[in-house]
Amino acid sequence: MSYVDEVIELVVKQNPAEPEFHQAVKEVLESLRAVVDANEEKFRREGILERLVNPERQIKFRVPWVDDKGNVQVNTGYRVQFNSAIGPYKGGLRLHPSVNLGIIKFLGFEQIFKNSLTGLPIGGGKGGSDFDPKGKSDREIMAFCQSFMTELCKYIGADTDVPAGDIGTGAREIGYMFGQYKRIRGLYEGVLTGKGLSYGGSLARTEATGYGLLYLTEEMLKCNGKDIKGATVCVSGSGNVAIYATEKAQQLGAKVVTVSDSTGWVYDPEGIDVALLKEVKEVKRARLTEYAAARPSAQYHEGRGVWTIKCDVALPCATQNELLLEDAKALVANGCTAVAEGANMPTTMDATEYLQQNGVLFAPGKAANAGGVATSALEMSQNSERLSWTFEEVDSKLQNIMVNIFHNLDDAAKRYNAEGNYVVGANIAGFEKVVDAMLAQGVC
Ligand code: NDP
C-alpha cells in the first residue's frame, strides 16, 4: 500500500466519527501523491505524514455561563494547535451549534496549508465552541465570551497562538474576548486579530477575505484569457465573506445576482444592492426576506437553489459542503467557467472533480480565501510595530499576496504535470514550505 493510502487509513481508524476531518485529510493527501511518491523513503523515515495529520495539541474545555433567566448553560470549547513549523498557530474561532472536534480539526488541518500559502510566518490552528450566538442577548454573548476566554487564555499569546474570527465570531465577540484576556493575563498584546480599530485592529481586515477572493479570482481568470469585468456571478452566503466578495466583484465590473443564508436565497437580476445587504445583515442582523421586501427586483426563495442560476463565476461563501455534485452539474450545464471558494471546503469532493473534469477553473478555499488570514498576519505585524497602516497600504499588500498565491499554486501544479489543477497546486505549494521547516527542526 502506498504511504498516502496508509496514512489516510490510519486517520480514519484513529479518529472515528470525524467525517469532515477524514474528508480534509483525504483531499489534501490525494493531491500530494506526486510529491510524496517522489520522496517516499525520506518522508516515511521522518514520519512526515503521521506528524502532519496529528495536531501538536488539542484542547477541549468546559464553558459555563449564566443566561438571562439566571440559569447556568454549559458549552464545550476547543482549540486545536495543529502545526507550528512556520510560525505561531493562527486560525479562527467558530461559534456554531454544529461545532465538534472533527470540524475544528478539519479546519485546523486546512489552515496549515492556507497559512503557508500566504508566504507569511504563521502556523495552523483553529478553535471554537458549539455555542449558538443566534437569538442571544448582548449580555449573554459577553458572558459566554468571557467564560470561553477565561480558559482559552492559558494556551494562547501573541507569540504562541493568535486566534481570529470565523462563523459566529465577529468584531463584538473578539472585543469581549480581548477584554477578558487583558484582564486575566495583564497583557496588552496582539493575542487576537479582527480587533476593533480603536484597540489594535487593522484597516481592511473586515473586507479582506471577500476582497482577496476577488483578487485571486481576477488573476486566475486573467491568466486563462478571461475577464471578471462583465461577468455574471453567483455568491452564496450573506455573511462577512459573501458581503465583501459581492462588493469587490461589483467594483471590478461584475454583476452579482444571488446571495443566501441558512434559510433561503435571493435572486436579484439587477445585481445585489450591497448597501442594502449590509444594512440588513450587518446592522439589523435580519433575514434575507428583509432584503427582498426592500428591493423590488429581488426574488426570495426558501431553502437552497443559488447554483441553479446561470452564471459565469460561482463563489460559494457560506459553509462547508454547500456545493454538491448536483449543483456542479447545474453550474456546468449553465455555462459556468470558474468556481472560487470563499468558504472553507464548500464544494464536496465529487463536485470538485466534476467541475475540473468539465473544464471549470477551480480555486480551492485554502488559496482563494487566504486573504483573511493574510490580513490577520498583517494586523499582527502592525501590533508588533505599534503602528497602524492606511487602508490603501493594507489593501495593496493584500492584493500582492493574493496574486502571488495564485502564481505559486499555478507554478507548483505545472512542476508536477498537473497544469491548471489548482487544488493540487495549492496543496503542494503549501505543503513544501511546511515540510521543509519540519525537516529542518528535527523530530518535534
Ligand atoms: P458569517 O457567519 O459572517 O456568515 C456565514 C454565512 O453563511 C451566513 O450568511 C449564514 O447564514 C450562511 N450559512 C451558514 N450555515 C449555512 C448553511 N448550512 N446553509 C446555508 N447557509 C449557511 O461567516 P463568514 O462569512 O465569516 O464565513 C463564511 C465561510 O468563510 C466559513 O466557511 C468560514 O470558515 C470561511 N472563512 C471566513 C473568513 C473570514 O475572514 N471571515 C476567512 C476564511 C474563511 P445564517 O446567517 O442564516 O446563519
# chains A, B, ... in the order shown; residues from 1 in each chain; ligands from 1

call {"tool": "closest_atom_pairs", "arguments": {"of": "stretch 172-206 of chain A", "to": "stretch 371-385 of chain A", "cutoff": "7 Å", "atoms": "only C-alpha atoms", "output": "Markdown table"}}
result
| residue | atom | partner | partner_atom | distance |
| --- | --- | --- | --- | --- |
| A:Gly190 | CA | A:Asn383 | CA | 5.7 |
| A:Thr193 | CA | A:Ser376 | CA | 5.6 |
| A:Gly194 | CA | A:Ser376 | CA | 6.8 |
| A:Gly200 | CA | A:Asn383 | CA | 6.3 |
| A:Gly201 | CA | A:Glu379 | CA | 6.4 |
| A:Ser202 | CA | A:Glu379 | CA | 5.2 |
| A:Arg205 | CA | A:Thr375 | CA | 5.8 |

call {"tool": "select_by_dssp", "arguments": {"residues": "stretch 267-328 of chain A", "states": "helix (DSSP H, G or I)", "output": "list in words"}}
result
Val274, Ala275, Leu276, Leu277, Lys278, Glu279, Val280, Lys281, Glu282, Val283, Leu288, Thr289, Glu290, Tyr291, Ala292, Ala293, Ala294, Val306, Trp307, Thr308, Leu325, Glu326, Asp327 and Ala328 of chain A

call {"tool": "write_last_selection", "arguments": {"atoms": "N, CA and C atoms", "output": "CSV table (one decimal), in the first residue's frame"}}
result
chain,number,residue,atom,x,y,z
A,274,VAL,N,-25.5,46.2,-2.5
A,274,VAL,CA,-24.6,45.9,-1.4
A,274,VAL,C,-24.9,46.7,-0.2
A,275,ALA,N,-25.2,48.0,-0.4
A,275,ALA,CA,-25.5,48.9,0.8
A,275,ALA,C,-26.8,48.3,1.5
A,276,LEU,N,-27.8,47.9,0.8
A,276,LEU,CA,-29.0,47.3,1.4
A,276,LEU,C,-28.6,46.0,2.1
A,277,LEU,N,-27.8,45.2,1.5
A,277,LEU,CA,-27.4,43.9,2.1
A,277,LEU,C,-26.7,44.1,3.4
A,278,LYS,N,-25.8,45.1,3.4
A,278,LYS,CA,-25.0,45.4,4.7
A,278,LYS,C,-26.0,45.9,5.7
A,279,GLU,N,-27.0,46.7,5.3
A,279,GLU,CA,-28.0,47.2,6.3
A,279,GLU,C,-28.7,46.1,6.9
A,280,VAL,N,-29.2,45.1,6.1
A,280,VAL,CA,-30.0,44.0,6.6
A,280,VAL,C,-29.1,43.1,7.4
A,281,LYS,N,-27.9,42.8,7.0
A,281,LYS,CA,-27.1,41.7,7.7
A,281,LYS,C,-26.2,42.3,8.8
A,282,GLU,N,-25.6,43.4,8.5
A,282,GLU,CA,-24.6,43.9,9.5
A,282,GLU,C,-25.2,44.8,10.5
A,283,VAL,N,-26.2,45.5,10.2
A,283,VAL,CA,-26.8,46.5,11.1
A,283,VAL,C,-28.0,45.8,11.8
A,288,LEU,N,-32.8,37.4,5.0
A,288,LEU,CA,-32.8,37.9,3.7
A,288,LEU,C,-34.2,38.3,3.2
A,289,THR,N,-35.2,37.8,3.9
A,289,THR,CA,-36.6,38.2,3.5
A,289,THR,C,-36.7,39.8,3.6
A,290,GLU,N,-36.0,40.4,4.5
A,290,GLU,CA,-36.0,41.8,4.6
A,290,GLU,C,-35.3,42.5,3.4
A,291,TYR,N,-34.3,41.9,2.9
A,291,TYR,CA,-33.6,42.4,1.7
A,291,TYR,C,-34.7,42.4,0.6
A,292,ALA,N,-35.3,41.2,0.4
A,292,ALA,CA,-36.2,41.1,-0.7
A,292,ALA,C,-37.4,42.0,-0.6
A,293,ALA,N,-37.9,42.3,0.7
A,293,ALA,CA,-39.0,43.1,0.9
A,293,ALA,C,-38.7,44.6,0.5
A,294,ALA,N,-37.4,44.9,0.6
A,294,ALA,CA,-37.0,46.3,0.3
A,294,ALA,C,-36.5,46.5,-1.1
A,306,VAL,N,-29.1,28.5,-5.1
A,306,VAL,CA,-28.3,29.5,-5.7
A,306,VAL,C,-27.6,29.0,-7.0
A,307,TRP,N,-27.2,27.7,-6.9
A,307,TRP,CA,-26.4,27.2,-8.0
A,307,TRP,C,-27.2,26.8,-9.3
A,308,THR,N,-28.5,27.0,-9.2
A,308,THR,CA,-29.3,26.8,-10.4
A,308,THR,C,-29.4,28.0,-11.3
A,325,LEU,N,-22.7,17.6,-5.9
A,325,LEU,CA,-22.5,17.2,-7.3
A,325,LEU,C,-23.6,17.7,-8.2
A,326,GLU,N,-24.9,17.6,-7.7
A,326,GLU,CA,-26.0,18.1,-8.5
A,326,GLU,C,-25.8,19.6,-8.8
A,327,ASP,N,-25.3,20.4,-7.9
A,327,ASP,CA,-25.1,21.8,-8.1
A,327,ASP,C,-24.0,22.0,-9.1
A,328,ALA,N,-22.9,21.2,-9.0
A,328,ALA,CA,-21.8,21.3,-10.0
A,328,ALA,C,-22.4,21.0,-11.4

call {"tool": "closest_atom_pairs", "arguments": {"of": "chain A", "to": "ligand 1", "cutoff": "6 Å", "atoms": "only C-alpha atoms and all ligand atoms", "output": "CSV"}}
result
residue,atom,partner,partner_atom_place_in_ligand_line,distance
A:Asp166,CA,ligand 1,26 (O),4.8
A:Ile167,CA,ligand 1,2 (O),3.6
A:Gly168,CA,ligand 1,2 (O),4.8
A:Thr209,CA,ligand 1,40 (O),4.9
A:Gly237,CA,ligand 1,9 (O),3.9
A:Ser238,CA,ligand 1,9 (O),3.6
A:Gly239,CA,ligand 1,4 (O),3.2
A:Asn240,CA,ligand 1,25 (O),3.7
A:Val241,CA,ligand 1,25 (O),3.9
A:Ala242,CA,ligand 1,25 (O),5.8
A:Asp261,CA,ligand 1,11 (O),3.6
A:Ser262,CA,ligand 1,21 (N),3.6
A:Thr263,CA,ligand 1,47 (O),5.8
A:Cys317,CA,ligand 1,29 (C),5.3
A:Ala318,CA,ligand 1,7 (O),3.4
A:Thr319,CA,ligand 1,32 (O),4.0
A:Gln320,CA,ligand 1,32 (O),5.7
A:Gly342,CA,ligand 1,30 (O),5.5
A:Ala343,CA,ligand 1,30 (O),3.3
A:Asn344,CA,ligand 1,32 (O),4.1
A:Asn369,CA,ligand 1,43 (C),5.0
A:Gly372,CA,ligand 1,40 (O),4.3

call {"tool": "write_last_selection", "arguments": {"atoms": "N, CA, C and O atoms", "output": "PDB file, in the first residue's frame"}}
result
ATOM      1  N   ASP A 166     -14.382  33.813  12.975  1.00  0.00           N
ATOM      2  CA  ASP A 166     -14.864  32.859  11.966  1.00  0.00           C
ATOM      3  C   ASP A 166     -16.384  32.931  12.059  1.00  0.00           C
ATOM      4  O   ASP A 166     -16.926  33.893  12.632  1.00  0.00           O
ATOM      5  N   ILE A 167     -17.083  31.910  11.586  1.00  0.00           N
ATOM      6  CA  ILE A 167     -18.542  31.937  11.667  1.00  0.00           C
ATOM      7  C   ILE A 167     -18.956  32.183  13.117  1.00  0.00           C
ATOM      8  O   ILE A 167     -18.474  31.508  14.029  1.00  0.00           O
ATOM      9  N   GLY A 168     -19.803  33.161  13.318  1.00  0.00           N
ATOM     10  CA  GLY A 168     -20.334  33.455  14.654  1.00  0.00           C
ATOM     11  C   GLY A 168     -19.419  34.289  15.536  1.00  0.00           C
ATOM     12  O   GLY A 168     -19.818  34.736  16.608  1.00  0.00           O
ATOM     13  N   THR A 209     -11.181  38.971   3.384  1.00  0.00           N
ATOM     14  CA  THR A 209     -11.404  37.646   2.799  1.00  0.00           C
ATOM     15  C   THR A 209     -12.171  37.776   1.478  1.00  0.00           C
ATOM     16  O   THR A 209     -11.799  37.180   0.465  1.00  0.00           O
ATOM     17  N   GLY A 237     -24.226  32.565   0.703  1.00  0.00           N
ATOM     18  CA  GLY A 237     -23.914  33.184   1.980  1.00  0.00           C
ATOM     19  C   GLY A 237     -24.269  34.664   1.940  1.00  0.00           C
ATOM     20  O   GLY A 237     -24.488  35.246   0.845  1.00  0.00           O
ATOM     21  N   SER A 238     -24.340  35.261   3.111  1.00  0.00           N
ATOM     22  CA  SER A 238     -24.565  36.703   3.175  1.00  0.00           C
ATOM     23  C   SER A 238     -23.912  37.225   4.455  1.00  0.00           C
ATOM     24  O   SER A 238     -24.371  38.170   5.074  1.00  0.00           O
ATOM     25  N   GLY A 239     -22.817  36.544   4.830  1.00  0.00           N
ATOM     26  CA  GLY A 239     -22.047  36.965   5.996  1.00  0.00           C
ATOM     27  C   GLY A 239     -20.857  37.791   5.561  1.00  0.00           C
ATOM     28  O   GLY A 239     -20.836  38.365   4.465  1.00  0.00           O
ATOM     29  N   ASN A 240     -19.837  37.818   6.394  1.00  0.00           N
ATOM     30  CA  ASN A 240     -18.678  38.670   6.135  1.00  0.00           C
ATOM     31  C   ASN A 240     -18.045  38.399   4.777  1.00  0.00           C
ATOM     32  O   ASN A 240     -17.816  39.321   3.991  1.00  0.00           O
ATOM     33  N   VAL A 241     -17.772  37.145   4.478  1.00  0.00           N
ATOM     34  CA  VAL A 241     -17.071  36.835   3.223  1.00  0.00           C
ATOM     35  C   VAL A 241     -17.961  37.177   2.021  1.00  0.00           C
ATOM     36  O   VAL A 241     -17.515  37.838   1.069  1.00  0.00           O
ATOM     37  N   ALA A 242     -19.212  36.769   2.085  1.00  0.00           N
ATOM     38  CA  ALA A 242     -20.123  36.979   0.960  1.00  0.00           C
ATOM     39  C   ALA A 242     -20.338  38.470   0.678  1.00  0.00           C
ATOM     40  O   ALA A 242     -20.320  38.908  -0.482  1.00  0.00           O
ATOM     41  N   ASP A 261     -28.787  32.681   2.816  1.00  0.00           N
ATOM     42  CA  ASP A 261     -28.454  32.400   4.211  1.00  0.00           C
ATOM     43  C   ASP A 261     -28.975  31.013   4.549  1.00  0.00           C
ATOM     44  O   ASP A 261     -29.355  30.269   3.633  1.00  0.00           O
ATOM     45  N   SER A 262     -28.961  30.647   5.822  1.00  0.00           N
ATOM     46  CA  SER A 262     -29.279  29.251   6.114  1.00  0.00           C
ATOM     47  C   SER A 262     -30.764  28.933   5.943  1.00  0.00           C
ATOM     48  O   SER A 262     -31.144  27.771   5.997  1.00  0.00           O
ATOM     49  N   THR A 263     -31.587  29.945   5.703  1.00  0.00           N
ATOM     50  CA  THR A 263     -32.998  29.611   5.479  1.00  0.00           C
ATOM     51  C   THR A 263     -33.454  29.810   4.034  1.00  0.00           C
ATOM     52  O   THR A 263     -34.433  29.199   3.611  1.00  0.00           O
ATOM     53  N   CYS A 317     -19.626  31.062  -0.535  1.00  0.00           N
ATOM     54  CA  CYS A 317     -19.069  31.831   0.594  1.00  0.00           C
ATOM     55  C   CYS A 317     -19.831  31.591   1.892  1.00  0.00           C
ATOM     56  O   CYS A 317     -19.808  32.438   2.784  1.00  0.00           O
ATOM     57  N   ALA A 318     -20.543  30.457   2.013  1.00  0.00           N
ATOM     58  CA  ALA A 318     -21.354  30.240   3.220  1.00  0.00           C
ATOM     59  C   ALA A 318     -20.674  29.276   4.192  1.00  0.00           C
ATOM     60  O   ALA A 318     -20.187  29.676   5.242  1.00  0.00           O
ATOM     61  N   THR A 319     -20.609  27.981   3.828  1.00  0.00           N
ATOM     62  CA  THR A 319     -20.134  26.999   4.804  1.00  0.00           C
ATOM     63  C   THR A 319     -19.630  25.744   4.098  1.00  0.00           C
ATOM     64  O   THR A 319     -19.662  25.665   2.863  1.00  0.00           O
ATOM     65  N   GLN A 320     -19.195  24.743   4.877  1.00  0.00           N
ATOM     66  CA  GLN A 320     -18.642  23.536   4.237  1.00  0.00           C
ATOM     67  C   GLN A 320     -19.738  22.697   3.573  1.00  0.00           C
ATOM     68  O   GLN A 320     -20.883  22.696   4.029  1.00  0.00           O
ATOM     69  N   GLY A 342     -14.919  30.891  -1.391  1.00  0.00           N
ATOM     70  CA  GLY A 342     -14.750  31.890  -0.330  1.00  0.00           C
ATOM     71  C   GLY A 342     -14.829  31.222   1.033  1.00  0.00           C
ATOM     72  O   GLY A 342     -14.135  31.598   1.969  1.00  0.00           O
ATOM     73  N   ALA A 343     -15.690  30.208   1.148  1.00  0.00           N
ATOM     74  CA  ALA A 343     -15.829  29.471   2.408  1.00  0.00           C
ATOM     75  C   ALA A 343     -14.751  28.391   2.482  1.00  0.00           C
ATOM     76  O   ALA A 343     -14.012  28.156   1.522  1.00  0.00           O
ATOM     77  N   ASN A 344     -14.671  27.712   3.630  1.00  0.00           N
ATOM     78  CA  ASN A 344     -13.747  26.585   3.770  1.00  0.00           C
ATOM     79  C   ASN A 344     -14.441  25.303   3.349  1.00  0.00           C
ATOM     80  O   ASN A 344     -15.491  24.960   3.909  1.00  0.00           O
ATOM     81  N   ASN A 369      -9.490  31.911  -0.166  1.00  0.00           N
ATOM     82  CA  ASN A 369      -9.958  32.727   0.964  1.00  0.00           C
ATOM     83  C   ASN A 369      -8.827  33.062   1.946  1.00  0.00           C
ATOM     84  O   ASN A 369      -9.087  33.501   3.068  1.00  0.00           O
ATOM     85  N   GLY A 372      -8.078  36.584   4.299  1.00  0.00           N
ATOM     86  CA  GLY A 372      -8.469  36.903   5.671  1.00  0.00           C
ATOM     87  C   GLY A 372      -7.327  36.675   6.625  1.00  0.00           C
ATOM     88  O   GLY A 372      -6.929  37.566   7.392  1.00  0.00           O
TER      89      GLY A 372
END

call {"tool": "closest_atom_pairs", "arguments": {"of": "stretch 2-21 of chain A", "to": "stretch 50-74 of chain A", "cutoff": "10 Å", "atoms": "only C-alpha atoms", "output": "JSON lines"}}
result
{"residue": "A:Tyr3", "atom": "CA", "partner": "A:Glu50", "partner_atom": "CA", "distance": 9.9}
{"residue": "A:Val4", "atom": "CA", "partner": "A:Glu50", "partner_atom": "CA", "distance": 9.9}
{"residue": "A:Glu6", "atom": "CA", "partner": "A:Glu50", "partner_atom": "CA", "distance": 9.7}
{"residue": "A:Val7", "atom": "CA", "partner": "A:Glu50", "partner_atom": "CA", "distance": 6.6}
{"residue": "A:Ile8", "atom": "CA", "partner": "A:Val53", "partner_atom": "CA", "distance": 9.2}
{"residue": "A:Leu10", "atom": "CA", "partner": "A:Glu50", "partner_atom": "CA", "distance": 8.6}
{"residue": "A:Val11", "atom": "CA", "partner": "A:Val53", "partner_atom": "CA", "distance": 7.4}
{"residue": "A:Gln14", "atom": "CA", "partner": "A:Asn54", "partner_atom": "CA", "distance": 9.9}
{"residue": "A:Phe21", "atom": "CA", "partner": "A:Val53", "partner_atom": "CA", "distance": 9.6}

call {"tool": "select_by_dssp", "arguments": {"residues": "stretch 139-241 of chain A", "states": "strand (DSSP E or B)", "output": "ChimeraX atom specification"}}
result
/A:157,161-164,166,169,232-236

call {"tool": "write_last_selection", "arguments": {"atoms": "C-alpha atoms", "output": "compact mmCIF listing (two decimals), in the first residue's frame"}}
result
# COMPACT_ATOMS: atom_id res chain seq x y z
CA GLY A 157 -0.42 34.53 23.34
CA ASP A 161 -1.23 31.20 19.24
CA VAL A 162 -3.24 34.08 17.83
CA PRO A 163 -6.93 33.24 17.20
CA ALA A 164 -9.23 35.29 14.97
CA ASP A 166 -14.86 32.86 11.97
CA THR A 169 -17.26 35.32 15.90
CA THR A 232 -22.35 37.36 -14.02
CA VAL A 233 -21.53 35.99 -10.57
CA CYS A 234 -23.48 33.79 -8.13
CA VAL A 235 -22.50 34.19 -4.47
CA SER A 236 -23.80 32.02 -1.63

call {"tool": "closest_residue", "arguments": {"among": "A:Tyr78, A:Trp389, A:Phe43, A:Phe106", "to": "A:Val25", "atoms": "only C-alpha atoms"}}
result
A:Phe106

call {"tool": "residues_around", "arguments": {"residues": "A:Ser98", "least_positions_apart": "3", "cutoff": "9 Å", "atoms": "only C-alpha atoms", "output": "MDAnalysis selection string"}}
result
chainID A and resid 95 103 129:132

call {"tool": "residues_around", "arguments": {"residues": "stretch 330-333 of chain A", "least_positions_apart": "2", "cutoff": "12 Å", "atoms": "only C-alpha atoms", "output": "NGL selection string"}}
result
:A and (233-234 or 305-315 or 323-328 or 335-339 or 351-352 or 354-361)

call {"tool": "residues_around", "arguments": {"residues": "A:Ile122", "least_positions_apart": "2", "cutoff": "7 Å", "atoms": "only C-alpha atoms", "output": "number ranges by chain"}}
result
A: 86-90, 115-116, 120, 124

call {"tool": "atom_distance", "arguments": {"atom1": "atom CA of A:Met402", "atom2": "atom CA of A:Gly212"}}
result
6.1 Å

call {"tool": "closest_residue", "arguments": {"among": "A:Gln180, A:Asn421, A:Gln111, A:Gln441", "to": "A:Val80", "atoms": "only C-alpha atoms"}}
result
A:Gln111

call {"tool": "residues_around", "arguments": {"residues": "stretch 30-38 of chain A", "least_positions_apart": "6", "cutoff": "8 Å", "atoms": "only C-alpha atoms", "output": "PDB file with N, CA and C atoms, in the first residue's frame"}}
result
ATOM      1  N   TYR A   3       2.254   5.043   0.808  1.00  0.00           N
ATOM      2  CA  TYR A   3       2.348   5.778   2.074  1.00  0.00           C
ATOM      3  C   TYR A   3       1.091   6.641   2.269  1.00  0.00           C
ATOM      4  N   VAL A   4       0.645   7.311   1.196  1.00  0.00           N
ATOM      5  CA  VAL A   4      -0.542   8.171   1.290  1.00  0.00           C
ATOM      6  C   VAL A   4      -1.755   7.349   1.735  1.00  0.00           C
ATOM      7  N   TYR A 416       4.503  19.639 -11.263  1.00  0.00           N
ATOM      8  CA  TYR A 416       4.129  18.229 -11.064  1.00  0.00           C
ATOM      9  C   TYR A 416       3.160  17.743 -12.145  1.00  0.00           C
ATOM     10  N   VAL A 423      -6.114  22.775  -7.215  1.00  0.00           N
ATOM     11  CA  VAL A 423      -6.230  22.062  -5.932  1.00  0.00           C
ATOM     12  C   VAL A 423      -4.886  21.410  -5.631  1.00  0.00           C
ATOM     13  N   VAL A 424      -4.375  20.690  -6.614  1.00  0.00           N
ATOM     14  CA  VAL A 424      -3.063  20.056  -6.475  1.00  0.00           C
ATOM     15  C   VAL A 424      -1.996  21.133  -6.224  1.00  0.00           C
ATOM     16  N   ASN A 427      -2.173  22.625  -2.625  1.00  0.00           N
ATOM     17  CA  ASN A 427      -1.715  21.713  -1.582  1.00  0.00           C
ATOM     18  C   ASN A 427      -0.213  21.514  -1.647  1.00  0.00           C
ATOM     19  N   ILE A 428       0.315  21.369  -2.857  1.00  0.00           N
ATOM     20  CA  ILE A 428       1.764  21.151  -2.981  1.00  0.00           C
ATOM     21  C   ILE A 428       2.535  22.396  -2.522  1.00  0.00           C
TER      22      ILE A 428
END
